[in-house]
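Asks: Next comes the structure file upload-v8.txt, holding compact mmCIF, C-alpha atoms and all ligand atoms.
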# COMPACT_ATOMS: atom_id res chain seq x y z
CA ALA A 14 107.44 -92.46 -17.81
CA LEU A 15 110.39 -90.10 -17.90
CA HIS A 16 110.05 -86.53 -16.62
CA LEU A 17 109.39 -84.14 -19.51
CA ALA A 18 111.80 -81.18 -19.54
CA LYS A 19 109.97 -77.84 -19.84
CA ALA A 20 111.50 -74.90 -21.74
CA GLN A 21 112.09 -71.86 -19.53
CA ASP A 22 109.94 -69.15 -21.18
CA GLY A 23 112.26 -66.99 -23.25
CA LYS A 24 115.50 -67.88 -21.41
CA SER A 25 118.47 -68.40 -23.71
CA LEU A 26 122.16 -69.27 -23.49
CA GLU A 27 122.94 -65.67 -22.41
CA ASP A 28 120.60 -65.94 -19.41
CA PHE A 29 122.14 -69.20 -18.21
CA GLN A 30 125.66 -67.86 -18.85
CA LYS A 31 124.77 -65.05 -16.38
CA VAL A 32 123.92 -67.67 -13.75
CA TYR A 33 127.16 -69.52 -14.57
CA ASN A 34 129.15 -66.28 -14.17
CA ALA A 35 127.49 -65.41 -10.84
CA ILE A 36 128.43 -68.85 -9.45
CA ALA A 37 131.96 -68.66 -10.94
CA GLU A 38 132.62 -65.17 -9.52
CA LYS A 39 131.38 -66.24 -6.07
CA LEU A 40 133.71 -69.28 -6.28
CA ARG A 41 136.64 -66.91 -6.86
CA ASP A 42 135.56 -64.49 -4.10
CA GLU A 43 135.06 -67.14 -1.43
CA ASP A 44 138.32 -69.01 -1.97
CA GLU A 45 139.15 -69.49 1.73
CA PHE A 46 136.44 -72.09 2.41
CA ASP A 47 137.63 -75.49 3.73
CA GLY A 48 141.29 -74.58 4.10
CA TYR A 49 141.47 -72.70 0.77
CA ILE A 50 140.03 -75.58 -1.23
CA GLY A 51 137.01 -73.39 -1.98
CA TYR A 52 133.43 -74.43 -2.70
CA GLY A 53 134.11 -76.13 -6.07
CA PRO A 54 134.42 -79.75 -4.91
CA ASN A 55 131.44 -79.35 -2.55
CA LEU A 56 129.26 -78.06 -5.42
CA VAL A 57 130.33 -80.99 -7.62
CA ARG A 58 129.40 -83.42 -4.83
CA LEU A 59 125.97 -81.71 -4.45
CA SER A 60 125.28 -82.07 -8.21
CA TRP A 61 126.10 -85.80 -7.95
CA HIS A 62 124.07 -86.37 -4.76
CA VAL A 63 120.93 -84.74 -6.15
CA SER A 64 121.24 -86.95 -9.25
CA GLY A 65 122.34 -90.14 -7.47
CA THR A 66 118.93 -90.67 -5.86
CA PHE A 67 117.56 -91.68 -9.28
CA ASP A 68 116.03 -95.13 -9.55
CA LYS A 69 115.35 -96.29 -13.13
CA ASN A 70 112.93 -98.97 -11.82
CA ASP A 71 110.24 -96.42 -10.95
CA ASN A 72 111.84 -93.22 -12.28
CA SER A 73 111.80 -91.75 -8.78
CA GLY A 74 114.45 -89.38 -7.45
CA GLY A 75 117.12 -87.85 -9.67
CA SER A 76 117.92 -84.21 -10.43
CA PHE A 77 114.59 -83.26 -12.09
CA GLY A 78 112.46 -82.20 -9.10
CA GLY A 79 115.07 -80.30 -7.08
CA THR A 80 113.81 -82.10 -3.95
CA TYR A 81 117.15 -81.56 -2.14
CA ARG A 82 115.56 -78.24 -1.08
CA PHE A 83 113.27 -80.21 1.24
CA LYS A 84 114.42 -81.19 4.76
CA LYS A 85 114.00 -84.92 4.32
CA GLU A 86 116.60 -85.09 1.54
CA ALA A 87 118.92 -82.36 2.86
CA ASP A 88 119.04 -84.13 6.25
CA ASP A 89 120.01 -87.52 4.75
CA PRO A 90 123.18 -88.44 6.72
CA ALA A 91 124.82 -89.18 3.35
CA ASN A 92 124.38 -85.47 2.51
CA LYS A 93 126.24 -84.22 5.60
CA GLY A 94 128.56 -81.36 4.58
CA LEU A 95 126.50 -80.38 1.54
CA GLN A 96 124.70 -77.70 3.58
CA ASN A 97 127.77 -75.59 2.70
CA ALA A 98 127.03 -75.88 -1.03
CA ALA A 99 123.31 -75.24 -0.49
CA HIS A 100 124.09 -72.13 1.57
CA PHE A 101 126.52 -70.95 -1.12
CA LEU A 102 123.72 -71.19 -3.74
CA GLU A 103 120.98 -69.36 -1.77
CA PRO A 104 121.94 -65.84 -2.98
CA ILE A 105 122.26 -67.17 -6.55
CA ALA A 106 118.71 -68.59 -6.38
CA LYS A 107 117.47 -65.19 -5.09
CA LYS A 108 119.23 -63.29 -7.87
CA PHE A 109 117.79 -65.61 -10.56
CA PRO A 110 114.35 -66.66 -9.19
CA TRP A 111 113.32 -67.99 -12.62
CA ILE A 112 115.75 -70.95 -12.53
CA SER A 113 114.45 -74.26 -11.12
CA HIS A 114 116.30 -75.88 -8.19
CA GLY A 115 117.14 -78.94 -10.28
CA ASP A 116 118.67 -76.77 -12.99
CA LEU A 117 120.55 -74.66 -10.40
CA TYR A 118 122.04 -77.64 -8.52
CA THR A 119 123.25 -79.29 -11.73
CA LEU A 120 124.45 -76.06 -13.38
CA ALA A 121 126.47 -75.29 -10.23
CA GLY A 122 128.33 -78.61 -10.59
CA VAL A 123 129.03 -77.91 -14.27
CA THR A 124 130.28 -74.40 -13.42
CA ALA A 125 132.56 -75.68 -10.64
CA LEU A 126 134.06 -78.40 -12.86
CA GLN A 127 134.79 -76.00 -15.74
CA GLU A 128 136.21 -73.33 -13.41
CA MET A 129 138.51 -75.99 -11.87
CA GLN A 130 139.97 -76.60 -15.36
CA GLY A 131 137.86 -79.67 -16.01
CA PRO A 132 136.33 -80.59 -19.39
CA LYS A 133 133.54 -78.53 -21.01
CA ILE A 134 130.27 -80.10 -19.89
CA PRO A 135 127.26 -79.70 -22.25
CA TRP A 136 124.24 -78.83 -20.09
CA ARG A 137 120.49 -78.69 -20.78
CA PRO A 138 117.90 -76.75 -18.72
CA GLY A 139 114.27 -77.81 -18.25
CA ARG A 140 114.06 -79.45 -14.83
CA VAL A 141 110.83 -78.55 -13.00
CA ASP A 142 110.51 -78.24 -9.18
CA ALA A 143 108.51 -81.15 -7.73
CA ASP A 144 106.37 -81.23 -4.59
CA GLU A 145 107.73 -82.22 -1.18
CA LYS A 146 105.76 -85.47 -1.38
CA ASP A 147 107.97 -86.51 -4.34
CA THR A 148 111.14 -86.34 -2.21
CA PRO A 149 112.93 -89.71 -2.40
CA GLU A 150 113.54 -91.49 0.90
CA ASN A 151 117.03 -91.52 2.43
CA GLY A 152 119.42 -94.41 1.77
CA ARG A 153 119.83 -94.16 -2.01
CA LEU A 154 123.42 -92.91 -1.90
CA PRO A 155 126.36 -95.33 -1.80
CA ASP A 156 128.26 -96.76 1.19
CA ALA A 157 132.01 -96.02 1.02
CA SER A 158 133.04 -99.08 3.07
CA GLN A 159 132.16 -101.57 0.34
CA ASP A 160 133.98 -103.53 -2.43
CA GLY A 161 133.98 -103.67 -6.25
CA SER A 162 130.90 -105.86 -6.70
CA TYR A 163 128.92 -103.51 -4.47
CA VAL A 164 130.05 -100.51 -6.59
CA ARG A 165 129.15 -102.31 -9.83
CA HIS A 166 125.72 -103.30 -8.50
CA TYR A 167 125.05 -99.84 -7.05
CA PHE A 168 125.74 -98.01 -10.33
CA GLY A 169 123.83 -100.70 -12.23
CA ARG A 170 120.74 -98.90 -10.87
CA PHE A 171 121.54 -96.02 -13.26
CA GLY A 172 122.56 -98.33 -16.10
CA PHE A 173 126.27 -97.37 -15.94
CA THR A 174 129.01 -99.56 -17.49
CA ASP A 175 132.33 -100.39 -15.77
CA GLN A 176 134.04 -97.72 -17.88
CA GLU A 177 131.46 -95.06 -16.91
CA ILE A 178 131.76 -95.99 -13.22
CA VAL A 179 135.56 -95.63 -13.20
CA ALA A 180 135.44 -92.35 -15.16
CA LEU A 181 132.82 -90.90 -12.81
CA LEU A 182 134.80 -91.80 -9.68
CA GLY A 183 137.71 -89.79 -11.11
CA ALA A 184 135.91 -86.80 -9.58
CA HIS A 185 137.58 -87.89 -6.35
CA CYS A 186 140.60 -85.94 -7.57
CA LEU A 187 138.70 -83.03 -6.02
CA GLY A 188 138.31 -81.94 -2.42
CA LYS A 189 138.59 -84.17 0.58
CA THR A 190 136.86 -86.32 3.18
CA HIS A 191 135.90 -84.75 6.52
CA LEU A 192 135.68 -86.97 9.59
CA GLU A 193 132.66 -85.06 10.91
CA ASN A 194 130.78 -85.56 7.61
CA SER A 195 131.41 -89.13 6.52
CA GLY A 196 133.65 -90.74 9.15
CA TYR A 197 136.61 -90.70 6.74
CA GLU A 198 139.61 -88.38 6.98
CA GLY A 199 142.25 -86.82 4.75
CA PRO A 200 143.93 -86.59 2.30
CA TRP A 201 146.26 -84.41 4.30
CA GLY A 202 147.60 -81.55 2.25
CA ALA A 203 146.89 -83.33 -1.00
CA ALA A 204 143.32 -82.11 -1.39
CA THR A 205 142.98 -80.31 -4.69
CA ASN A 206 140.62 -77.94 -6.45
CA THR A 207 141.93 -78.66 -9.94
CA PHE A 208 140.37 -81.37 -12.09
CA THR A 209 143.04 -83.86 -13.25
CA ASN A 210 143.60 -87.63 -13.62
CA GLU A 211 145.61 -87.59 -10.34
CA PHE A 212 143.15 -89.87 -8.56
CA PHE A 213 144.04 -92.67 -11.00
CA VAL A 214 147.79 -91.94 -10.83
CA ASN A 215 147.64 -92.08 -7.02
CA LEU A 216 145.69 -95.35 -7.04
CA LEU A 217 148.45 -97.02 -9.10
CA ASN A 218 151.58 -95.30 -7.77
CA GLU A 219 151.12 -95.10 -4.02
CA ASN A 220 151.84 -97.75 -1.42
CA TRP A 221 148.43 -98.23 0.19
CA LYS A 222 147.95 -99.47 3.75
CA LEU A 223 144.51 -100.37 5.12
CA GLU A 224 144.16 -98.65 8.51
CA LYS A 225 141.41 -97.88 10.98
CA ASN A 226 140.81 -94.15 11.31
CA GLU A 227 139.76 -92.22 14.44
CA ALA A 228 136.11 -92.97 13.76
CA GLY A 229 136.90 -96.69 13.62
CA ASN A 230 136.33 -96.89 9.85
CA LYS A 231 138.85 -98.59 7.58
CA GLN A 232 140.48 -96.54 4.87
CA TYR A 233 143.64 -96.79 2.71
CA ASN A 234 146.47 -94.40 3.57
CA SER A 235 149.80 -93.77 1.85
CA GLU A 236 153.10 -92.50 3.31
CA LYS A 237 152.65 -89.27 1.37
CA GLY A 238 149.45 -88.58 3.31
CA TYR A 239 147.06 -89.51 0.51
CA MET A 240 143.94 -91.58 1.23
CA MET A 241 141.45 -93.77 -0.61
CA LEU A 242 138.02 -94.97 0.44
CA PRO A 243 137.45 -98.73 0.26
CA THR A 244 135.17 -98.05 -2.75
CA ASP A 245 138.01 -96.06 -4.37
CA TYR A 246 140.53 -98.84 -3.79
CA ALA A 247 138.07 -101.37 -5.15
CA LEU A 248 138.79 -99.89 -8.60
CA VAL A 249 142.29 -101.42 -8.57
CA GLN A 250 141.28 -104.62 -6.75
CA ASP A 251 138.67 -105.51 -9.37
CA GLY A 252 140.32 -106.55 -12.68
CA LYS A 253 137.56 -105.18 -14.93
CA PHE A 254 137.68 -101.75 -13.26
CA ARG A 255 141.49 -101.77 -13.04
CA LYS A 256 142.02 -101.68 -16.79
CA TYR A 257 140.18 -98.35 -16.99
CA VAL A 258 142.17 -96.96 -14.04
CA GLU A 259 145.34 -97.77 -16.00
CA LYS A 260 143.91 -96.19 -19.15
CA TYR A 261 143.01 -92.93 -17.40
CA ALA A 262 146.26 -92.76 -15.41
CA LYS A 263 148.09 -92.75 -18.78
CA ASP A 264 145.69 -90.61 -20.81
CA GLN A 265 144.15 -87.52 -19.18
CA ASP A 266 142.34 -86.55 -22.40
CA ALA A 267 140.57 -89.92 -22.50
CA PHE A 268 139.60 -89.43 -18.85
CA PHE A 269 138.21 -85.92 -19.54
CA GLU A 270 136.19 -87.19 -22.51
CA ASP A 271 134.73 -90.20 -20.69
CA PHE A 272 134.07 -88.25 -17.49
CA LYS A 273 132.16 -85.58 -19.44
CA SER A 274 129.88 -88.20 -21.04
CA ALA A 275 129.24 -90.12 -17.82
CA TYR A 276 128.62 -86.94 -15.79
CA VAL A 277 126.06 -85.65 -18.35
CA LYS A 278 124.33 -89.05 -18.22
CA LEU A 279 124.27 -88.86 -14.39
CA LEU A 280 122.76 -85.35 -14.35
CA GLU A 281 120.18 -86.11 -17.05
CA ASN A 282 119.10 -89.59 -15.92
CA GLY A 283 115.31 -89.94 -15.97
CA ILE A 284 114.64 -86.77 -17.98
CA ASP A 285 113.24 -86.59 -21.54
CA PHE A 286 114.56 -83.39 -23.10
CA GLY A 287 112.67 -84.18 -26.28
CA LYS A 288 112.98 -81.57 -29.00
CA LEU A 289 114.12 -78.85 -26.57
CA GLY A 290 117.16 -78.27 -28.72
CA LYS A 291 120.82 -78.89 -28.16
CA ALA A 292 122.82 -78.52 -24.97
CA TYR A 293 124.54 -75.30 -23.92
CA VAL A 294 128.34 -75.19 -23.59
CA PHE A 295 129.31 -72.29 -21.32
CA LYS A 296 132.42 -70.13 -21.55
CA THR A 297 134.68 -70.06 -18.50
CA LEU A 298 135.35 -66.70 -16.82
CA ASP A 299 138.88 -66.74 -18.27
CA GLU A 300 137.49 -67.22 -21.78
CA GLN A 301 135.28 -64.13 -21.32
CA ASP A 302 138.00 -61.87 -19.89
CA SER A 303 140.00 -61.82 -23.08
C1 LIG A 401 130.98 -95.35 -4.94
C2 LIG A 401 130.52 -94.09 -5.09
C3 LIG A 401 130.94 -92.98 -4.17
C4 LIG A 401 131.17 -93.00 -2.81
C5 LIG A 401 131.04 -94.18 -1.85
C6 LIG A 401 131.58 -91.66 -2.43
C7 LIG A 401 131.90 -91.27 -1.13
C8 LIG A 401 132.39 -90.03 -0.77
C9 LIG A 401 132.75 -89.65 0.58
C10 LIG A 401 132.65 -90.54 1.81
C11 LIG A 401 133.21 -88.36 0.52
C12 LIG A 401 133.69 -87.49 1.70
C13 LIG A 401 132.55 -86.58 2.15
C14 LIG A 401 133.03 -85.73 3.34
O1 LIG A 401 133.55 -86.37 4.31
O2 LIG A 401 132.90 -84.49 3.29
C15 LIG A 401 133.14 -87.93 -0.86
C16 LIG A 401 133.52 -86.68 -1.32
C17 LIG A 401 133.40 -86.26 -2.63
N1 LIG A 401 132.79 -86.95 -3.66
FE1 LIG A 401 132.27 -88.91 -3.62
N2 LIG A 401 131.59 -90.83 -3.54
C18 LIG A 401 131.20 -91.59 -4.61
C19 LIG A 401 131.03 -91.14 -5.91
C20 LIG A 401 131.21 -89.84 -6.34
C21 LIG A 401 130.85 -89.33 -7.66
C22 LIG A 401 130.18 -90.17 -8.76
C23 LIG A 401 131.22 -88.01 -7.69
C24 LIG A 401 131.07 -86.97 -8.79
C25 LIG A 401 130.93 -87.26 -10.08
C26 LIG A 401 131.80 -87.70 -6.38
C27 LIG A 401 132.31 -86.46 -6.04
C28 LIG A 401 132.84 -86.16 -4.78
C29 LIG A 401 133.56 -84.91 -4.48
C30 LIG A 401 133.85 -83.78 -5.46
C31 LIG A 401 133.91 -84.97 -3.12
C32 LIG A 401 134.67 -83.93 -2.30
C33 LIG A 401 133.64 -83.08 -1.57
C34 LIG A 401 134.28 -82.01 -0.68
O3 LIG A 401 135.53 -81.84 -0.72
O4 LIG A 401 133.51 -81.33 0.05
N3 LIG A 401 131.78 -88.83 -5.58
N4 LIG A 401 132.64 -88.98 -1.63
C1 LIG A 402 144.11 -86.49 -5.91
C2 LIG A 402 144.26 -86.64 -4.44
O1 LIG A 402 143.01 -87.00 -3.86
C3 LIG A 402 142.66 -88.32 -3.78
O2 LIG A 402 143.41 -89.21 -4.19
C4 LIG A 402 141.32 -88.61 -3.18
C5 LIG A 402 140.91 -89.93 -3.06
N1 LIG A 402 139.69 -90.25 -2.58
C6 LIG A 402 138.80 -89.30 -2.21
C7 LIG A 402 137.54 -89.67 -1.75
C8 LIG A 402 136.62 -88.72 -1.39
C9 LIG A 402 136.96 -87.37 -1.46
C10 LIG A 402 138.20 -86.96 -1.92
C11 LIG A 402 139.15 -87.93 -2.31
C12 LIG A 402 140.45 -87.59 -2.79
N2 LIG A 402 140.82 -86.27 -2.89
How would this structure read if it were set down as structure tokens?
Ligand code: HEM
Ligand SMILES: CCOC(=O)c1cnc2ccccc2c1N
Replies:
Amino acid sequence: ALHLAKAQDGKSLEDFQKVYNAIAEKLRDEDEFDGYIGYGPNLVRLSWHVSGTFDKNDNSGGSFGGTYRFKKEADDPANKGLQNAAHFLEPIAKKFPWISHGDLYTLAGVTALQEMQGPKIPWRPGRVDADEKDTPENGRLPDASQDGSYVRHYFGRFGFTDQEIVALLGAHCLGKTHLENSGYEGPWGAATNTFTNEFFVNLLNENWKLEKNEAGNKQYNSEKGYMMLPTDYALVQDGKFRKYVEKYAKDQDAFFEDFKSAYVKLLENGIDFGKLGKAYVFKTLDEQDS
């Protein structure tokens, strides 16, 4: 059965907006991280990795239990580099001890996306911390060296369509690869901390060359110093994926809309929010200044 979301006694939109603001202000303060990219992309990746362990076959894993806080999951080689995001969130968890880890990890991704000018992401609280014994085993996160059929099969585990898969991967407009984390490197100078449809524009406009990097892994590089993972490039090699790449490269609003829906589905997979009321839509810091 699905995990039942539990209402946080007496916490309302205002309380969660305070958590949002604390994360958003810390993002602004600590802007020098990772060559002035900041923590935003890393927080988005954490929110995806804690949700991407979900398996609909036995409803194990997923964002509900906040099991990333346990060593087994945090030490998954696929999570290398996310210690930065976890460390960033420690003082937030101390300041708001009433929020569950699952809610904090997912809310942090929503905050980062909105503060990087991404779409408004409706978000629902109610995730409940699980025991260490419920931590999913390593190996549930995807392998970047693979092709389109691997990507389609992998996301089939969450019940995602081709369109949802392409939209979701548009998050690779953010941040960068780090050789010491994943064995992939770059993009050089093109790493961004603003949410746009650039990933799709790059895929279609650049001249891509498959090259072996210093770690001996193959990746696609362009003369402008951009890069794509094999699983990124698969989106233009596979005809069914390619048509959505072309759609999003032309229409950023369509990308924002479809990304928002797919990202909410990713973060809420395996959770029954029942009659806990509608989702919260948080104001950005800029919207509160005025
Ligand atoms: C086929 C599926 C995917 C694969 C194989 C993949 C693989 C990777 C790899 C290898 C990195 C570089 C990590 C590093 O070296 O630090 C990365 C970074 C990143 N990924 Fe993905 N990813 C996938 C899907 C996603 C999804 C669904 C999202 C979010 C919705 C996402 C968001 C990010 C972000 C924001 C970064 C940049 C992190 C940073 O700059 O610290 N990825 N991904
Ligand atoms: C918009 C310029 O960035 C890109 O085209 C791009 C492509 N693939 C990625 C794969 C993982 C992490 C970051 C990535 C990235 N920033």
Asks: Please identify every polymer residue within 7 Å of ligand LIG 402 (chain A), using all atoms listed in the file, and present the set as a ChimeraX atom specification.
Replies: /A:185-190,200,203-205,211-212,215,239-242,245
Asks: Counting all atoms listed in the file, which residue out of A:Leu95, A:Ala18, A:Leu102, A:Leu248 sits closest to Asp142 in chain A?
Replies: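 Under the stated criterion, the closest residue is A:Ala18.
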Asks: To one decimal place in Å, what is the distance between CA of Glu128 in chain A and CA of Glu103 in chain A?
Replies: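 About the pair CA of Glu128 in chain A and CA of Glu103 in chain A: they are 19.6 Å apart.
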Asks: At a cut-off of 7 Å and counting only C-alpha atoms and all ligand atoms, what residues surround ligand LIG 401 (chain A)? Please answer as JSON, numbers by chain.
Replies: {"A": [54, 55, 57, 58, 61, 94, 155, 156, 157, 164, 181, 182, 184, 185, 187, 188, 189, 190, 191, 192, 193, 194, 195, 196, 197, 198, 244, 276]}
Asks: Give me a file of those residues, with C-alpha atoms, as a PDB file, keeping the file's coordinate frame.
Replies:
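File written: result_6.pdb
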ATOM      1  CA  PRO A  54     134.420 -79.750  -4.910  1.00  0.00           C
ATOM      2  CA  ASN A  55     131.440 -79.350  -2.550  1.00  0.00           C
ATOM      3  CA  VAL A  57     130.330 -80.990  -7.620  1.00  0.00           C
ATOM      4  CA  ARG A  58     129.400 -83.420  -4.830  1.00  0.00           C
ATOM      5  CA  TRP A  61     126.100 -85.800  -7.950  1.00  0.00           C
ATOM      6  CA  GLY A  94     128.560 -81.360   4.580  1.00  0.00           C
ATOM      7  CA  PRO A 155     126.360 -95.330  -1.800  1.00  0.00           C
ATOM      8  CA  ASP A 156     128.260 -96.760   1.190  1.00  0.00           C
ATOM      9  CA  ALA A 157     132.010 -96.020   1.020  1.00  0.00           C
ATOM     10  CA  VAL A 164     130.050-100.510  -6.590  1.00  0.00           C
ATOM     11  CA  LEU A 181     132.820 -90.900 -12.810  1.00  0.00           C
ATOM     12  CA  LEU A 182     134.800 -91.800  -9.680  1.00  0.00           C
ATOM     13  CA  ALA A 184     135.910 -86.800  -9.580  1.00  0.00           C
ATOM     14  CA  HIS A 185     137.580 -87.890  -6.350  1.00  0.00           C
ATOM     15  CA  LEU A 187     138.700 -83.030  -6.020  1.00  0.00           C
ATOM     16  CA  GLY A 188     138.310 -81.940  -2.420  1.00  0.00           C
ATOM     17  CA  LYS A 189     138.590 -84.170   0.580  1.00  0.00           C
ATOM     18  CA  THR A 190     136.860 -86.320   3.180  1.00  0.00           C
ATOM     19  CA  HIS A 191     135.900 -84.750   6.520  1.00  0.00           C
ATOM     20  CA  LEU A 192     135.680 -86.970   9.590  1.00  0.00           C
ATOM     21  CA  GLU A 193     132.660 -85.060  10.910  1.00  0.00           C
ATOM     22  CA  ASN A 194     130.780 -85.560   7.610  1.00  0.00           C
ATOM     23  CA  SER A 195     131.410 -89.130   6.520  1.00  0.00           C
ATOM     24  CA  GLY A 196     133.650 -90.740   9.150  1.00  0.00           C
ATOM     25  CA  TYR A 197     136.610 -90.700   6.740  1.00  0.00           C
ATOM     26  CA  GLU A 198     139.610 -88.380   6.980  1.00  0.00           C
ATOM     27  CA  THR A 244     135.170 -98.050  -2.750  1.00  0.00           C
ATOM     28  CA  TYR A 276     128.620 -86.940 -15.790  1.00  0.00           C
TER      29      TYR A 276
END
Asks: Just give me the gap between CA of Gln127 in chain A and CA of Ala267 in chain A in Å, one decimal is fine.
Replies: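 CA of Ala267 in chain A lies at a distance of 16.5 Å from CA of Gln127 in chain A.
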Asks: Could you state the separation of CA of Asn92 in chain A and CA of Tyr52 in chain A in Å, given to one decimal place?
Replies: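 Taking CA of Asn92 in chain A as the start and CA of Tyr52 in chain A as the end point, the length is 15.2 Å.
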Asks: What's the 12 Å shell around Gln301 in chain A, counting only C-alpha atoms, without same-chain residues fewer than 5 positions away, as a PyMOL selection string?
Replies: chain A and resi 30-31+33-34+37+295-296
Asks: If we count all atoms listed in the file, what is near range 146-152 of chain A at a cut-off of 9 Å, once residues fewer than 5 positions away on the same chain are taken out, given as a compact mmCIF listing (two decimals) with C-alpha atoms, in the frame of the given file?
Replies:
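That gives us selection_13.txt:
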# COMPACT_ATOMS: atom_id res chain seq x y z
CA THR A 66 118.93 -90.67 -5.86
CA PHE A 67 117.56 -91.68 -9.28
CA SER A 73 111.80 -91.75 -8.78
CA GLY A 74 114.45 -89.38 -7.45
CA GLY A 75 117.12 -87.85 -9.67
CA GLY A 78 112.46 -82.20 -9.10
CA GLY A 79 115.07 -80.30 -7.08
CA THR A 80 113.81 -82.10 -3.95
CA TYR A 81 117.15 -81.56 -2.14
CA PHE A 83 113.27 -80.21 1.24
CA LYS A 85 114.00 -84.92 4.32
CA GLU A 86 116.60 -85.09 1.54
CA ASP A 88 119.04 -84.13 6.25
CA ASP A 89 120.01 -87.52 4.75
CA PRO A 90 123.18 -88.44 6.72
CA ALA A 91 124.82 -89.18 3.35
Asks: Rank nothing, just name the residue among A:Lys39, A:Pro138, A:His16, A:Asp116 nearest to Leu289 in chain A, using all atoms listed in the file.
Replies: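 Smallest separation from Leu289 in chain A among the options: A:Pro138.
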Asks: Excluding Asp28 in chain A and residues on its chain fewer than 5 positions from it, collect all residues at most 10 Å away from it, counting all atoms listed in the file, and give them as a list of chain:residue names.
Replies: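 So, after excluding close chain neighbours, the residues are A:Gly23, A:Tyr33, A:Phe109, A:Ile112.
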Asks: Counting all atoms listed in the file, find residues at most 10 Å from (113.8, -78.4, -25.6) (file frame) and give them as a CSV table (one decimal) with C-alpha atoms, in the coordinates of the input.
Replies:
chain,number,residue,atom,x,y,z
A,17,LEU,CA,109.4,-84.1,-19.5
A,18,ALA,CA,111.8,-81.2,-19.5
A,19,LYS,CA,110.0,-77.8,-19.8
A,20,ALA,CA,111.5,-74.9,-21.7
A,21,GLN,CA,112.1,-71.9,-19.5
A,137,ARG,CA,120.5,-78.7,-20.8
A,138,PRO,CA,117.9,-76.8,-18.7
A,139,GLY,CA,114.3,-77.8,-18.2
A,285,ASP,CA,113.2,-86.6,-21.5
A,286,PHE,CA,114.6,-83.4,-23.1
A,287,GLY,CA,112.7,-84.2,-26.3
A,288,LYS,CA,113.0,-81.6,-29.0
A,289,LEU,CA,114.1,-78.8,-26.6
A,290,GLY,CA,117.2,-78.3,-28.7
A,291,LYS,CA,120.8,-78.9,-28.2
A,292,ALA,CA,122.8,-78.5,-25.0
Asks: Calculated over only C-alpha atoms, which of the candidates A:Val214, A:Thr209, A:Pro110, A:Ser158 has the smallest distance to Gly229 in chain A?
Replies: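 Smallest distance to Gly229 in chain A is found for A:Ser158.
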Asks: Quick one: of A:Asp71, A:Glu227, A:Ala87, A:Ala99, who's nearest to Arg170 in chain A, counting all atoms listed in the file?
Replies: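 Checking each of A:Asp71, A:Glu227, A:Ala87, A:Ala99 against Arg170 in chain A, counting all atoms listed in the file, the winner is A:Asp71.
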Asks: Here is a test: counting only C-alpha atoms, which residue of A:Val141, A:Arg153, A:Asp44, A:Ile134 is nearest to Leu117 in chain A?
Replies: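 Closest to Leu117 in chain A of all the choices is A:Val141.
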Asks: List as a list in words the protein and nucleic acid residues near Phe268 in chain A, meaning an atom at most 10 Å away when only C-alpha atoms are counted, but skip any in the same chain fewer than 6 places from it.
Replies: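 Residues meeting the cut-off are Pro132, Val179, Ala180, Leu181, Gly183, Thr209, Asn210, Phe213, Tyr257, Val258, Lys260, Tyr261 and Ala262 of chain A.
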Asks: Keeping only C-alpha atoms, write the selected residues as a PDB file, in the frame of the given file.
Replies:
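Wrote it out as out.pdb, contents follow:
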ATOM      1  CA  PRO A 132     136.330 -80.590 -19.390  1.00  0.00           C
ATOM      2  CA  VAL A 179     135.560 -95.630 -13.200  1.00  0.00           C
ATOM      3  CA  ALA A 180     135.440 -92.350 -15.160  1.00  0.00           C
ATOM      4  CA  LEU A 181     132.820 -90.900 -12.810  1.00  0.00           C
ATOM      5  CA  GLY A 183     137.710 -89.790 -11.110  1.00  0.00           C
ATOM      6  CA  THR A 209     143.040 -83.860 -13.250  1.00  0.00           C
ATOM      7  CA  ASN A 210     143.600 -87.630 -13.620  1.00  0.00           C
ATOM      8  CA  PHE A 213     144.040 -92.670 -11.000  1.00  0.00           C
ATOM      9  CA  TYR A 257     140.180 -98.350 -16.990  1.00  0.00           C
ATOM     10  CA  VAL A 258     142.170 -96.960 -14.040  1.00  0.00           C
ATOM     11  CA  LYS A 260     143.910 -96.190 -19.150  1.00  0.00           C
ATOM     12  CA  TYR A 261     143.010 -92.930 -17.400  1.00  0.00           C
ATOM     13  CA  ALA A 262     146.260 -92.760 -15.410  1.00  0.00           C
TER      14      ALA A 262
END
Asks: Between A:Arg41, A:Lys253, A:Lys24, A:Lys278, single out the one closest to Arg165 in chain A, counting all atoms listed in the file.
Replies: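 Smallest separation from Arg165 in chain A among the options: A:Lys253.
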Asks: As a list in words, please: the residues near Met129 in chain A (cut-off 7 Å, all atoms listed in the file, same-chain neighbours under 4 positions excluded).
Replies: Ala125, Asn206, Thr207 and Phe208 of chain A
Asks: Could you complete range 189-193 of chain A so that it carries N, CA and C atoms, and give it back as a JSON list (two decimals), keeping the file's coordinate frame?
Replies:
[["chain", "number", "residue", "atom", "x", "y", "z"],
["A", 189, "LYS", "N", 138.09, -83.24, -0.43],
["A", 189, "LYS", "CA", 138.59, -84.17, 0.58],
["A", 189, "LYS", "C", 137.47, -84.80, 1.38],
["A", 190, "THR", "N", 137.81, -85.76, 2.23],
["A", 190, "THR", "CA", 136.86, -86.32, 3.18],
["A", 190, "THR", "C", 136.97, -85.50, 4.47],
["A", 191, "HIS", "N", 135.92, -85.48, 5.24],
["A", 191, "HIS", "CA", 135.90, -84.75, 6.52],
["A", 191, "HIS", "C", 135.32, -85.70, 7.55],
["A", 192, "LEU", "N", 136.10, -85.98, 8.60],
["A", 192, "LEU", "CA", 135.68, -86.97, 9.59],
["A", 192, "LEU", "C", 134.28, -86.70, 10.11],
["A", 193, "GLU", "N", 133.96, -85.42, 10.33],
["A", 193, "GLU", "CA", 132.66, -85.06, 10.91],
["A", 193, "GLU", "C", 131.52, -85.25, 9.90]]
